[in-house]
Structures are given as C-alpha cells and as structure tokens.
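File shown here: run32.cif, holding mmCIF, C-alpha atoms.
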```cif
data_input
loop_
_atom_site.group_PDB
_atom_site.id
_atom_site.type_symbol
_atom_site.label_atom_id
_atom_site.label_comp_id
_atom_site.auth_asym_id
_atom_site.auth_seq_id
_atom_site.Cartn_x
_atom_site.Cartn_y
_atom_site.Cartn_z
ATOM 1 C CA MET A 22 116.157 145.475 130.169
ATOM 2 C CA SER A 23 114.510 145.995 133.581
ATOM 3 C CA ASP A 24 112.939 149.247 132.316
ATOM 4 C CA LEU A 25 111.355 147.344 129.456
ATOM 5 C CA THR A 26 110.171 144.592 131.789
ATOM 6 C CA SER A 27 108.669 147.054 134.248
ATOM 7 C CA PHE A 28 106.999 148.925 131.366
ATOM 8 C CA PHE A 29 105.303 145.763 130.101
ATOM 9 C CA GLY A 30 104.476 144.710 133.643
ATOM 10 C CA SER A 31 102.727 148.011 134.303
ATOM 11 C CA MET A 32 100.868 147.734 130.994
ATOM 12 C CA VAL A 33 99.645 144.252 131.898
ATOM 13 C CA GLU A 34 98.521 145.491 135.332
ATOM 14 C CA MET A 35 96.534 148.280 133.684
ATOM 15 C CA VAL A 36 94.717 145.841 131.422
ATOM 16 C CA PHE A 37 94.405 142.983 133.915
ATOM 17 C CA PRO A 38 94.266 144.393 137.436
ATOM 18 C CA THR A 39 95.213 142.083 140.267
ATOM 19 C CA ALA A 40 92.415 141.154 142.666
ATOM 20 C CA HIS A 41 93.130 139.766 146.091
ATOM 21 C CA ALA A 42 90.398 137.727 147.773
ATOM 22 C CA GLU A 43 91.244 138.652 151.344
ATOM 23 C CA ALA A 44 92.970 141.977 150.900
ATOM 24 C CA PRO A 45 92.027 144.648 153.451
ATOM 25 C CA ALA A 46 90.084 147.665 152.267
ATOM 26 C CA PRO A 47 92.370 150.430 151.017
ATOM 27 C CA THR A 48 92.981 153.336 153.330
ATOM 28 C CA PRO A 49 92.169 156.818 152.062
ATOM 29 C CA SER A 50 95.845 157.443 151.295
ATOM 30 C CA GLU A 51 95.992 154.268 149.154
ATOM 31 C CA GLU A 52 92.849 155.008 147.118
ATOM 32 C CA PRO A 53 93.434 156.028 143.508
ATOM 33 C CA GLU A 54 93.002 159.620 142.503
ATOM 34 C CA GLN A 55 89.624 160.865 141.290
ATOM 35 C CA GLU A 56 90.751 160.904 137.631
ATOM 36 C CA GLU A 57 91.593 157.185 137.685
ATOM 37 C CA GLN A 58 88.218 156.353 139.256
ATOM 38 C CA GLU A 59 86.392 158.173 136.462
ATOM 39 C CA GLU A 60 88.289 156.229 133.791
ATOM 40 C CA LYS A 61 87.377 152.800 135.168
ATOM 41 C CA PRO A 62 83.602 153.080 134.684
ATOM 42 C CA GLU A 63 84.099 154.182 131.072
ATOM 43 C CA ALA A 64 86.318 151.170 130.408
ATOM 44 C CA GLU A 65 83.802 148.895 132.124
ATOM 45 C CA GLU A 66 80.954 150.376 130.063
ATOM 46 C CA GLU A 67 82.898 149.757 126.855
ATOM 47 C CA ALA A 68 83.564 146.155 127.865
ATOM 48 C CA GLU A 69 79.869 145.639 128.658
ATOM 49 C CA GLU A 70 78.874 147.131 125.297
ATOM 50 C CA GLU A 71 81.285 144.807 123.494
ATOM 51 C CA GLU A 72 79.847 141.803 125.343
ATOM 52 C CA GLU A 73 76.302 142.842 124.414
ATOM 53 C CA GLU A 74 77.301 143.231 120.768
ATOM 54 C CA GLU A 75 78.893 139.765 120.774
ATOM 55 C CA GLU A 76 75.741 138.268 122.290
ATOM 56 C CA GLU A 77 73.551 139.935 119.669
ATOM 57 C CA ASP A 78 75.720 138.636 116.828
ATOM 58 C CA GLU A 79 75.351 134.992 117.862
ATOM 59 C CA PRO A 80 72.525 133.297 115.958
ATOM 60 C CA GLU A 81 70.229 130.846 117.696
ATOM 61 C CA ASP A 82 71.013 127.169 117.128
ATOM 62 C CA PRO A 83 68.018 125.501 115.435
ATOM 63 C CA ALA A 84 69.271 121.949 116.091
ATOM 64 C CA PRO A 85 67.812 121.411 119.610
ATOM 65 C CA ALA A 86 64.303 122.389 118.491
ATOM 66 C CA ILE A 87 64.550 120.199 115.391
ATOM 67 C CA ARG A 88 65.813 117.255 117.455
ATOM 68 C CA ALA A 89 62.921 117.676 119.927
ATOM 69 C CA GLU A 90 60.438 117.652 117.043
ATOM 70 C CA CYS A 91 62.039 114.533 115.566
ATOM 71 C CA GLU A 92 61.818 112.710 118.894
ATOM 72 C CA LYS A 93 58.030 113.103 118.743
ATOM 73 C CA THR A 94 57.601 111.741 115.203
ATOM 74 C CA LYS A 95 55.916 108.387 114.607
ATOM 75 C CA GLU A 96 59.249 106.902 113.435
ATOM 76 C CA CYS A 97 61.005 107.718 116.714
ATOM 77 C CA ALA A 98 58.048 107.326 119.082
ATOM 78 C CA PRO A 99 58.672 103.589 119.744
ATOM 79 C CA ALA A 100 62.336 104.206 120.603
ATOM 80 C CA ALA A 101 61.368 107.141 122.839
ATOM 81 C CA HIS A 102 58.758 104.972 124.578
ATOM 82 C CA HIS A 103 61.271 102.141 125.214
ATOM 83 C CA PHE A 104 63.835 104.592 126.577
ATOM 84 C CA LYS A 105 61.282 106.273 128.862
ATOM 85 C CA ALA A 106 60.023 102.911 130.156
ATOM 86 C CA CYS A 107 63.562 101.699 130.817
ATOM 87 C CA SER A 108 64.475 104.939 132.617
ATOM 88 C CA GLU A 109 61.407 104.727 134.851
ATOM 89 C CA LYS A 110 62.151 101.078 135.656
ATOM 90 C CA VAL A 111 65.789 101.744 136.554
ATOM 91 C CA GLU A 112 65.033 104.922 138.534
ATOM 92 C CA GLY A 113 62.280 103.071 140.393
ATOM 93 C CA GLY A 114 64.769 100.400 141.477
ATOM 94 C CA LYS A 115 62.988 97.625 139.585
ATOM 95 C CA GLY A 116 65.788 96.888 137.108
ATOM 96 C CA TRP A 117 68.512 94.312 137.592
ATOM 97 C CA GLN A 118 71.692 95.394 139.375
ATOM 98 C CA GLY A 119 73.911 97.549 137.146
ATOM 99 C CA GLU A 120 71.198 97.962 134.510
ATOM 100 C CA ASP A 121 71.321 101.127 132.487
ATOM 101 C CA CYS A 122 69.384 102.289 129.459
ATOM 102 C CA VAL A 123 72.315 102.968 127.164
ATOM 103 C CA GLU A 124 71.101 100.632 124.418
ATOM 104 C CA GLU A 125 67.647 102.246 124.402
ATOM 105 C CA LEU A 126 69.238 105.703 124.407
ATOM 106 C CA PHE A 127 71.432 104.783 121.426
ATOM 107 C CA HIS A 128 68.407 103.535 119.475
ATOM 108 C CA LEU A 129 66.543 106.768 120.223
ATOM 109 C CA MET A 130 69.514 108.992 119.338
ATOM 110 C CA HIS A 131 70.087 107.076 116.095
ATOM 111 C CA CYS A 132 66.481 107.668 115.059
ATOM 112 C CA VAL A 133 66.544 111.332 116.085
ATOM 113 C CA ASP A 134 69.851 111.923 114.272
ATOM 114 C CA ALA A 135 68.547 110.305 111.084
ATOM 115 C CA CYS A 136 65.456 112.524 111.180
ATOM 116 C CA ALA A 137 67.159 115.789 112.242
ATOM 117 C CA ALA A 138 70.354 115.759 110.169
ATOM 118 C CA PRO A 139 68.794 116.662 106.787
ATOM 119 C CA LYS A 140 66.646 119.372 108.366
ATOM 120 C CA VAL A 141 69.572 120.932 110.230
ATOM 121 C CA PHE A 142 71.829 120.914 107.171
ATOM 122 C CA LYS A 143 69.066 122.509 105.083
ATOM 123 C CA ARG A 144 68.929 125.419 107.555
ATOM 124 C CA LEU A 145 72.720 125.880 107.428
ATOM 125 C CA VAL A 146 72.877 126.603 103.693
#
```

Translate the structure of the given file into structure tokens.
Amino acid sequence: MSDLTSFFGSMVEMVFPTAHAEAPAPTPSEEPEQEEQEEKPEAEEEAEEEEEEEEEDEPEDPAPAIRAECEKTKECAPAAHHFKACSEKVEGGKGWQGEDCVEELFHLMHCVDACAAPKVFKRLV
C-alpha cells in the first residue's frame, strides 16, 4: 500500500511541483541533472501552446458592444442622462445623505436590456 501511495505521490509531484516562497537557492549538489532541466522547457512550451490555442478558440462576446450602442439610442438617452446627472450630483457631494442612483441605474439597464436582448440573441443563432 505504501508503494502505491509513494508512486502516486511522486506522479503528482512531477505534474504539480511544489514551490516554496522562502526556500533557499539549491546548492549545486541539489540541482537536478541536465536531462531533467532540458525536459522542463519542453513541457512549459507545450503548456504555453495549449494556452494560446485555448485563447484563439474563444470567440469575442458581442454583447458589451451591442449594449453600449443601445445606451446611446434615442429611447435610452433620457435614462442615461438622468443616471449621469444623478451620479455627478452624488459624487459632487450635493445629494442628500445616503443618496445613491440605483433607481436611475435600474431604469437605464432596463432600457438597455430591452434594446440589446433581441440583437444579442440574433447573433447567437
């Protein structure tokens, strides 16, 4: 049983090496052999290539651009104006104590969602 445990433990250490934040630098006698050092860069290169492939496969999300366009439409412009005015008032310290612009934000988001949802769903299919 301990042989099996040590086997799996060594396999895990090969895949996930242990890093110590304040460990002293290894002495020349503790450094790995030259063959092991050559294998590490190859493994690191493969991991980097896999990460690059994953990044390339991810499509760009069109929703933020569509939502930004909808915020500028004439239907949502009044809500955007009220939210901006409220934000400036509160940030300038001119609002009443505890005032926030949540209601104005909800009105703006409701308008933007109503405008953007059909456009986003069209792009998905």

* Selection under test: the PyMOL selection byres ((chain A and resi 144) around 12); residues as an NGL selection string -> :A and (81-84 or 87 or 137-143 or 145-146)

Generate the output file for the selected residues, C-alpha atoms, as a PDB file, keeping the file's coordinate frame.
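The result, written out as result.pdb:
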```pdb
ATOM      1  CA  GLU A  81      70.229 130.846 117.696  1.00  0.00           C
ATOM      2  CA  ASP A  82      71.013 127.169 117.128  1.00  0.00           C
ATOM      3  CA  PRO A  83      68.018 125.501 115.435  1.00  0.00           C
ATOM      4  CA  ALA A  84      69.271 121.949 116.091  1.00  0.00           C
ATOM      5  CA  ILE A  87      64.550 120.199 115.391  1.00  0.00           C
ATOM      6  CA  ALA A 137      67.159 115.789 112.242  1.00  0.00           C
ATOM      7  CA  ALA A 138      70.354 115.759 110.169  1.00  0.00           C
ATOM      8  CA  PRO A 139      68.794 116.662 106.787  1.00  0.00           C
ATOM      9  CA  LYS A 140      66.646 119.372 108.366  1.00  0.00           C
ATOM     10  CA  VAL A 141      69.572 120.932 110.230  1.00  0.00           C
ATOM     11  CA  PHE A 142      71.829 120.914 107.171  1.00  0.00           C
ATOM     12  CA  LYS A 143      69.066 122.509 105.083  1.00  0.00           C
ATOM     13  CA  LEU A 145      72.720 125.880 107.428  1.00  0.00           C
ATOM     14  CA  VAL A 146      72.877 126.603 103.693  1.00  0.00           C
TER      15      VAL A 146
END
```

* Nearby residues (all atoms listed in the file) at most 6 Å from A:Leu129, same-chain spacing under 3 positions excluded, as a VMD selection string -> chain A and resid 100 to 101 126 132

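One finds atom CA of A:Asp121 at 24.7 Å from atom CA of A:Lys95.
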
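Take atom CA of A:Asp134 and atom CA of A:Glu92: the distance between them is 9.3 Å.
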
* Name the residues in contact with A:Cys97 at a cut-off of 12 Å, using all atoms listed in the file, excluding same-chain residues fewer than 6 positions from it; report them as number ranges by chain. => A: 88-91, 103-104, 125-137

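One finds atom CA of A:Gly113 at 27.4 Å from atom CA of A:Glu96.
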
Let me have the centre and edge lengths in Å, one decimal, of the box along x, y and z around every listed atom of stretch 90-107 of chain A with 5 Å of margin on each side, as JSON.
```
{"center_x": 59.9, "center_y": 109.7, "center_z": 122.1, "size_x": 17.9, "size_y": 26.0, "size_z": 27.4}
```
